[in-house]
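Structure file model-v9.csv; described as CSV, C-alpha atoms and all ligand atoms.
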```csv
chain,number,residue,atom,x,y,z
A,117,MET,CA,106.7,115.5,89.1
A,118,ASP,CA,104.0,113.3,87.6
A,119,GLY,CA,106.5,111.9,85.1
A,120,LEU,CA,108.8,110.9,88.0
A,121,LYS,CA,105.9,109.2,89.8
A,122,ARG,CA,105.1,107.2,86.7
A,123,GLN,CA,108.8,106.2,86.4
A,124,ALA,CA,108.8,104.9,90.0
A,125,ALA,CA,105.5,103.0,89.3
A,126,ALA,CA,107.0,101.4,86.2
A,127,ARG,CA,110.1,100.2,88.0
A,128,ALA,CA,107.9,98.7,90.8
A,129,LEU,CA,105.9,96.9,88.1
A,130,GLU,CA,109.0,94.9,87.2
A,131,GLU,CA,108.7,93.2,90.6
A,132,VAL,CA,105.2,91.9,89.8
A,133,ARG,CA,104.9,88.3,88.7
A,134,ASP,CA,102.1,86.4,87.0
A,135,GLY,CA,99.7,84.9,89.6
A,136,MET,CA,100.5,87.4,92.4
A,137,LYS,CA,98.1,88.6,95.0
A,138,LEU,CA,98.7,92.4,95.2
A,139,GLY,CA,97.8,95.2,97.6
A,140,LEU,CA,97.0,98.3,95.5
A,141,GLY,CA,97.9,101.6,97.1
A,142,THR,CA,96.2,105.0,97.1
A,143,GLY,CA,97.3,108.4,95.9
A,144,SER,CA,98.6,110.0,92.7
A,145,THR,CA,101.7,107.8,92.5
A,146,ALA,CA,99.8,104.5,93.2
A,147,LYS,CA,97.3,105.7,90.6
A,148,HIS,CA,100.1,105.4,88.0
A,149,PHE,CA,100.9,101.9,89.2
A,150,VAL,CA,97.3,100.7,88.9
A,151,ASP,CA,97.1,102.3,85.4
A,152,LEU,CA,100.3,100.5,84.3
A,153,LEU,CA,99.2,97.2,85.9
A,154,GLY,CA,95.9,97.5,84.0
A,155,GLU,CA,97.9,97.6,80.8
A,156,LYS,CA,99.7,94.4,81.8
A,157,VAL,CA,96.4,92.7,82.7
A,158,ARG,CA,94.8,93.6,79.4
A,159,ALA,CA,97.9,92.1,77.8
A,160,GLY,CA,97.3,88.8,79.6
A,161,MET,CA,98.9,89.0,83.0
A,162,LYS,CA,96.9,87.3,85.7
A,163,VAL,CA,96.9,89.0,89.1
A,164,VAL,CA,94.4,89.7,91.8
A,165,GLY,CA,94.3,92.9,93.8
A,166,VAL,CA,93.1,94.2,97.1
A,167,PRO,CA,92.5,98.0,96.9
A,168,THR,CA,93.3,100.3,99.8
A,169,SER,CA,90.5,102.8,99.2
A,170,GLU,CA,87.2,103.1,97.3
A,171,ALA,CA,89.0,105.5,94.9
A,172,THR,CA,91.6,102.8,94.0
A,173,ARG,CA,88.8,100.2,93.8
A,174,ALA,CA,87.0,102.2,91.2
A,175,GLN,CA,90.1,102.8,89.2
A,176,ALA,CA,91.2,99.2,89.3
A,177,GLU,CA,87.8,98.0,88.2
A,178,ALA,CA,87.8,100.5,85.3
A,179,CYS,CA,91.3,99.1,84.4
A,180,GLY,CA,89.9,95.5,84.3
A,181,ILE,CA,92.0,94.3,87.3
A,182,ALA,CA,90.5,91.4,89.2
A,183,LEU,CA,89.8,92.3,92.8
A,184,THR,CA,89.3,90.4,96.0
A,185,THR,CA,89.1,91.2,99.7
A,186,LEU,CA,91.0,90.3,102.9
A,187,ASP,CA,87.9,88.4,103.9
A,188,GLU,CA,88.3,86.1,101.0
A,189,ILE,CA,92.1,85.7,101.3
A,190,ASP,CA,94.2,86.4,104.4
A,191,HIS,CA,97.6,87.1,102.8
A,192,LEU,CA,99.1,89.1,99.9
A,193,ASP,CA,102.4,88.6,98.1
A,194,LEU,CA,103.2,92.2,97.5
A,195,THR,CA,101.8,95.7,98.1
A,196,ILE,CA,102.8,98.7,96.1
A,197,ASP,CA,101.9,102.1,97.6
A,198,GLY,CA,103.0,105.7,97.7
A,199,ALA,CA,104.1,107.6,100.8
A,200,ASP,CA,104.3,111.2,102.0
A,201,GLU,CA,107.7,110.8,103.6
A,202,VAL,CA,110.4,108.1,103.7
A,203,ASP,CA,113.3,108.0,106.1
A,204,PRO,CA,116.7,106.1,105.7
A,205,ALA,CA,115.3,103.2,107.9
A,206,LEU,CA,112.4,103.0,105.3
A,207,ASN,CA,109.9,104.1,108.0
A,208,LEU,CA,107.1,106.2,106.4
A,209,ILE,CA,104.5,108.8,107.0
A,210,LYS,CA,101.4,107.9,105.0
A,211,GLY,CA,97.8,109.1,105.0
A,212,GLY,CA,98.0,112.3,103.1
A,213,GLY,CA,95.2,110.9,100.9
A,214,GLY,CA,93.3,109.7,104.0
A,215,ALA,CA,93.6,106.0,103.3
A,216,LEU,CA,96.1,105.1,106.0
A,217,LEU,CA,94.0,102.6,107.9
A,218,ARG,CA,93.3,100.3,104.9
A,219,GLU,CA,96.8,101.0,103.6
A,220,LYS,CA,98.3,99.7,106.8
A,221,ILE,CA,96.0,96.7,107.1
A,222,VAL,CA,96.9,95.7,103.5
A,223,ALA,CA,100.6,96.3,103.9
A,224,ALA,CA,100.7,94.3,107.1
A,225,ALA,CA,99.0,91.4,105.4
A,226,SER,CA,101.6,91.4,102.6
A,227,ASP,CA,104.9,89.5,102.4
A,228,ARG,CA,106.5,92.6,101.0
A,229,MET,CA,105.7,96.3,100.6
A,230,ILE,CA,107.3,98.4,97.9
A,231,VAL,CA,107.0,102.2,98.2
A,232,ILE,CA,107.0,104.3,95.0
A,233,ALA,CA,107.7,108.0,95.2
A,234,ASP,CA,109.4,110.9,93.6
A,235,ASP,CA,112.6,111.7,95.4
A,236,SER,CA,111.1,114.8,97.2
A,237,LYS,CA,109.6,112.3,99.7
A,238,TRP,CA,113.0,111.2,100.9
A,239,VAL,CA,113.8,112.9,104.3
A,240,ASP,CA,116.5,112.6,107.0
A,241,ALA,CA,113.8,112.4,109.7
A,242,LEU,CA,110.1,112.1,109.5
A,243,GLY,CA,107.8,114.9,110.5
A,244,ARG,CA,107.9,117.8,108.1
A,245,PHE,CA,104.8,116.4,106.5
A,246,PRO,CA,101.9,116.6,109.1
A,247,LEU,CA,101.3,113.3,110.7
A,248,PRO,CA,97.8,111.9,110.0
A,249,VAL,CA,96.1,110.3,113.0
A,250,GLU,CA,92.8,108.6,112.3
A,251,VAL,CA,90.4,109.1,115.2
A,252,ILE,CA,86.9,108.1,116.3
A,253,PRO,CA,84.6,111.2,116.4
A,254,PHE,CA,83.3,110.2,119.8
A,255,GLY,CA,85.2,111.8,122.6
A,256,LEU,CA,87.5,113.8,120.3
A,257,ALA,CA,88.7,116.3,123.0
A,258,ALA,CA,89.7,113.5,125.3
A,259,THR,CA,91.5,111.7,122.4
A,260,LYS,CA,93.3,114.9,121.5
A,261,ALA,CA,94.5,115.3,125.1
A,262,ALA,CA,95.8,111.7,125.1
A,263,ILE,CA,97.6,112.3,121.8
A,264,ALA,CA,99.2,115.5,123.1
A,265,LYS,CA,100.4,113.5,126.1
A,266,ALA,CA,101.9,110.9,123.8
A,267,PHE,CA,103.6,113.6,121.8
A,268,ALA,CA,105.1,115.1,125.0
A,269,GLU,CA,106.4,111.6,126.0
A,270,ALA,CA,108.0,111.2,122.6
A,271,GLY,CA,109.6,114.6,122.8
A,272,VAL,CA,107.6,116.2,120.0
A,273,ALA,CA,105.0,119.0,119.9
A,274,GLY,CA,102.9,120.9,117.4
A,275,GLN,CA,99.5,122.0,116.3
A,276,MET,CA,96.8,119.4,115.7
A,277,VAL,CA,94.4,120.3,112.9
A,278,LEU,CA,91.1,118.4,112.2
A,279,ARG,CA,91.2,117.6,108.5
A,280,THR,CA,88.5,119.2,106.3
A,281,ALA,CA,87.4,118.3,102.8
A,282,LYS,CA,87.4,120.7,99.9
A,283,ASP,CA,83.8,121.6,100.7
A,284,GLY,CA,84.8,122.8,104.2
A,285,HIS,CA,83.1,119.9,106.0
A,286,VAL,CA,85.1,117.5,108.2
A,287,PHE,CA,86.9,114.9,106.0
A,288,VAL,CA,85.5,111.4,106.6
A,289,THR,CA,87.6,108.4,105.8
A,290,ASP,CA,86.4,105.3,104.0
A,291,GLY,CA,86.0,103.7,107.5
A,292,GLY,CA,83.8,106.6,108.7
A,293,HIS,CA,86.4,108.2,110.9
A,294,TRP,CA,88.1,111.6,111.2
A,295,ILE,CA,91.7,112.6,110.7
A,296,ILE,CA,93.8,114.9,112.9
A,297,ASP,CA,96.9,116.2,111.1
A,298,ALA,CA,99.7,116.9,113.6
A,299,HIS,CA,102.3,119.5,112.6
A,300,LEU,CA,105.3,118.1,114.4
A,301,GLY,CA,108.3,119.3,112.3
A,302,ARG,CA,110.7,116.6,113.3
A,303,ILE,CA,110.0,113.2,114.9
A,304,ALA,CA,113.3,112.1,116.4
A,305,ASP,CA,112.1,108.6,117.4
A,306,ALA,CA,109.3,107.5,115.1
A,307,PRO,CA,109.0,103.9,116.4
A,308,ARG,CA,108.5,105.2,119.9
A,309,LEU,CA,105.9,107.7,118.9
A,310,ALA,CA,104.1,105.0,116.9
A,311,GLY,CA,103.9,102.7,119.9
A,312,LEU,CA,102.6,105.5,122.1
A,313,LEU,CA,99.8,106.5,119.6
A,314,SER,CA,98.8,102.9,119.0
A,315,VAL,CA,97.6,102.3,122.5
A,316,ILE,CA,95.3,105.4,122.7
A,317,PRO,CA,91.6,104.1,122.7
A,318,GLY,CA,90.2,106.8,120.4
A,319,VAL,CA,93.0,106.5,117.9
A,320,VAL,CA,92.0,104.0,115.1
A,321,GLU,CA,95.4,104.2,113.4
A,322,HIS,CA,98.2,106.6,112.7
A,323,GLY,CA,100.3,107.4,109.6
A,324,LEU,CA,103.6,106.1,110.9
A,325,PHE,CA,104.5,102.9,109.0
A,326,ILE,CA,107.3,101.3,110.9
A,327,GLY,CA,109.2,98.3,109.6
A,328,LEU,CA,106.6,97.7,106.8
A,329,ALA,CA,108.4,98.9,103.7
A,330,GLY,CA,111.0,96.5,102.3
A,331,MET,CA,112.0,98.5,99.3
A,332,VAL,CA,111.6,102.1,98.1
A,333,VAL,CA,111.7,103.2,94.5
A,334,LEU,CA,112.6,106.9,94.2
A,335,ALA,CA,112.4,108.6,90.9
A,336,GLY,CA,114.4,111.8,90.5
A,337,ALA,CA,116.1,114.0,87.9
A,338,GLN,CA,119.1,111.8,88.0
A,339,GLY,CA,117.1,108.6,87.4
A,340,ILE,CA,115.7,105.8,89.6
A,341,ARG,CA,117.2,104.9,93.0
A,342,VAL,CA,116.2,101.7,94.7
A,343,VAL,CA,116.7,101.5,98.4
A,344,GLU,CA,116.2,98.2,100.3
A,345,ARG,CA,115.7,97.8,104.0
A,346,ARG,CA,118.8,96.3,105.7
A,401,LIG,C1,97.2,108.0,100.9
A,401,LIG,C2,98.7,107.9,101.0
A,401,LIG,C3,99.5,108.2,99.8
A,401,LIG,O1,100.3,107.1,99.5
A,401,LIG,C4,100.4,109.4,100.1
A,401,LIG,O2,99.6,110.4,100.5
A,401,LIG,C5,101.2,109.7,98.8
A,401,LIG,O3,100.4,110.2,97.9
A,401,LIG,P1,100.9,110.8,96.5
A,401,LIG,O4,101.4,109.6,95.7
A,401,LIG,O5,99.7,111.4,95.8
A,401,LIG,O6,102.0,111.8,96.8
A,401,LIG,O7,99.3,107.6,102.0
A,401,LIG,O8,96.6,107.8,102.1
```
Go ahead and express the file in the form of structure tokens.
Amino acid sequence: MDGLKRQAAARALEEVRDGMKLGLGTGSTAKHFVDLLGEKVRAGMKVVGVPTSEATRAQAEACGIALTTLDEIDHLDLTIDGADEVDPALNLIKGGGGALLREKIVAAASDRMIVIADDSKWVDALGRFPLPVEVIPFGLAATKAAIAKAFAEAGVAGQMVLRTAKDGHVFVTDGGHWIIDAHLGRIADAPRLAGLLSVIPGVVEHGLFIGLAGMVVLAGAQGIRVVERR
């Protein structure tokens, strides 16, 4: 699987041009991309990156990639990131690594988003992967009730689990928030659910990325498949 992830990352690297301002994703697939980009930079390519997590920041710095922030610049040429699920409309579930908030801010500030993944991430309908919903700790029960109402309106249901870290404590995001993982099974109308979740006050962000990815690079046993949004 790791070899496939690296192949997808290598294919996406072909889309990167000298001088580009890049969003750098988070996760095991994006890690391969940052690694390969670092090789290019050390060979003389000039790019500047905005990392989507502290983990990616540390890796990019170690690789010698010049970094900036979305305070210094307000727009990026291209973001390359992984995903937990991709559907045929190129809508995504992201946030398995807990970086969904910065990932969505960075993707939304980019002219183009390319998703890199092994082909196990390709699904007919989103939802088998638990949907991450980033929440403010204050008023958690009220926020969960509002989320459950949104689920009912969107015709989905399932257990909501507060994410914990490996040490058993509540997982805290880079932004200081918590994550609820919603086990929904199948989300028939992901854009509708995304809209319903976005207006809940205690929800900071959710892992449905609707209309953001322009291209997906899927690596599988049969080779690389590139899917572009129509
Ligand atoms: C992190 C993410 C990741 O892109 C997603 O979890 C995929 O990770 P991986 O490449 O390790 O499978 O959204 O928040």
Checklist entry - Got a sec to check which residues lie within 7 Å of ligand LIG 401 (chain A), using only C-alpha atoms and all ligand atoms, and send them as a list in words? => result Gly141, Thr142, Gly143, Ser144, Thr145, Ala146, Asp197, Gly198, Ala199, Asp200, Lys210, Gly211, Gly212, Gly213, Gly214, Ala215, Leu216, Glu219 and Ala233 of chain A
Export, as a compact mmCIF listing (two decimals), in the frame of the given file, the selected residues with C-alpha atoms.
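Writing done, so here's part27.txt:
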```txt
# COMPACT_ATOMS: atom_id res chain seq x y z
CA GLY A 141 97.90 101.60 97.10
CA THR A 142 96.20 105.00 97.10
CA GLY A 143 97.30 108.40 95.90
CA SER A 144 98.60 110.00 92.70
CA THR A 145 101.70 107.80 92.50
CA ALA A 146 99.80 104.50 93.20
CA ASP A 197 101.90 102.10 97.60
CA GLY A 198 103.00 105.70 97.70
CA ALA A 199 104.10 107.60 100.80
CA ASP A 200 104.30 111.20 102.00
CA LYS A 210 101.40 107.90 105.00
CA GLY A 211 97.80 109.10 105.00
CA GLY A 212 98.00 112.30 103.10
CA GLY A 213 95.20 110.90 100.90
CA GLY A 214 93.30 109.70 104.00
CA ALA A 215 93.60 106.00 103.30
CA LEU A 216 96.10 105.10 106.00
CA GLU A 219 96.80 101.00 103.60
CA ALA A 233 107.70 108.00 95.20
```
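Shortest atom-to-atom contact with Gln275 in chain A among A:Gly135, A:Pro246, A:Gly291, A:Gly339: A:Pro246, counting all atoms listed in the file.
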Within 8 Å of range 147-159 of chain A, which residues of range 163-194 of chain A come that close, and what is the closest atom pair and distance in Å for each? Count only C-alpha atoms and give it as a Markdown table.
```
| residue | atom | partner | partner_atom | distance |
| --- | --- | --- | --- | --- |
| A:Val163 | CA | A:Val157 | CA | 7.4 |
| A:Thr172 | CA | A:Lys147 | CA | 7.2 |
| A:Gln175 | CA | A:Val150 | CA | 7.5 |
| A:Ala176 | CA | A:Val150 | CA | 6.3 |
| A:Cys179 | CA | A:Gly154 | CA | 4.9 |
| A:Gly180 | CA | A:Gly154 | CA | 6.3 |
| A:Ile181 | CA | A:Gly154 | CA | 6.0 |
```
Long-range neighbours of Leu324 in chain A as an mmCIF file with C-alpha atoms, keeping the file's coordinate frame, 10 Å cut-off, only C-alpha atoms, 6 positions minimum in chain:
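Full text of result10.cif as output:
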```
data_model
loop_
_atom_site.group_PDB
_atom_site.id
_atom_site.type_symbol
_atom_site.label_atom_id
_atom_site.label_comp_id
_atom_site.auth_asym_id
_atom_site.auth_seq_id
_atom_site.Cartn_x
_atom_site.Cartn_y
_atom_site.Cartn_z
ATOM 1 C CA GLU A 201 107.700 110.800 103.600
ATOM 2 C CA ASN A 207 109.900 104.100 108.000
ATOM 3 C CA LEU A 208 107.100 106.200 106.400
ATOM 4 C CA ILE A 209 104.500 108.800 107.000
ATOM 5 C CA LYS A 210 101.400 107.900 105.000
ATOM 6 C CA GLY A 211 97.800 109.100 105.000
ATOM 7 C CA LEU A 216 96.100 105.100 106.000
ATOM 8 C CA LYS A 220 98.300 99.700 106.800
ATOM 9 C CA LEU A 242 110.100 112.100 109.500
ATOM 10 C CA GLY A 243 107.800 114.900 110.500
ATOM 11 C CA LEU A 247 101.300 113.300 110.700
ATOM 12 C CA PRO A 248 97.800 111.900 110.000
ATOM 13 C CA VAL A 249 96.100 110.300 113.000
ATOM 14 C CA ALA A 306 109.300 107.500 115.100
ATOM 15 C CA PRO A 307 109.000 103.900 116.400
ATOM 16 C CA LEU A 309 105.900 107.700 118.900
ATOM 17 C CA ALA A 310 104.100 105.000 116.900
ATOM 18 C CA GLY A 311 103.900 102.700 119.900
ATOM 19 C CA LEU A 313 99.800 106.500 119.600
ATOM 20 C CA SER A 314 98.800 102.900 119.000
#
```
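Among A:Leu183, A:Ala298, A:Ala258, A:Val343, the residue with the shortest atom-to-atom distance to Gly274 in chain A, counting all atoms listed in the file, is A:Ala298.
Distance check against Lys265 in chain A using all atoms listed in the file: of A:Ser226, A:Arg127, A:Asp297, A:Ile316, the minimum falls on A:Ile316.
Proximity of A:Glu269, A:Ile252, A:Leu194, A:Ala128 to Arg308 in chain A, computed with all atoms listed in the file, is greatest for A:Glu269.
Minimum distance to Met229 in chain A across A:Asp118, A:Asp203, A:Glu130, A:Glu344 (counting all atoms listed in the file) occurs at A:Glu344.
Residues with any atom within 12 Å of Leu186 in chain A, counting only C-alpha atoms and excluding same-chain neighbours fewer than 2 positions away, are Lys137, Leu138, Gly139, Val164, Gly165, Val166, Pro167, Thr168, Leu183, Thr184, Glu188, Ile189, Asp190, His191, Leu192, Arg218, Ile221, Val222, Ala223, Ala224, Ala225 and Ser226 of chain A.
The two atoms in question, CA of Ser169 in chain A and CA of Glu250 in chain A, are spaced 14.5 Å apart.
Atom to atom, CA of Ala264 in chain A and CA of Ile326 in chain A stand 20.4 Å apart.
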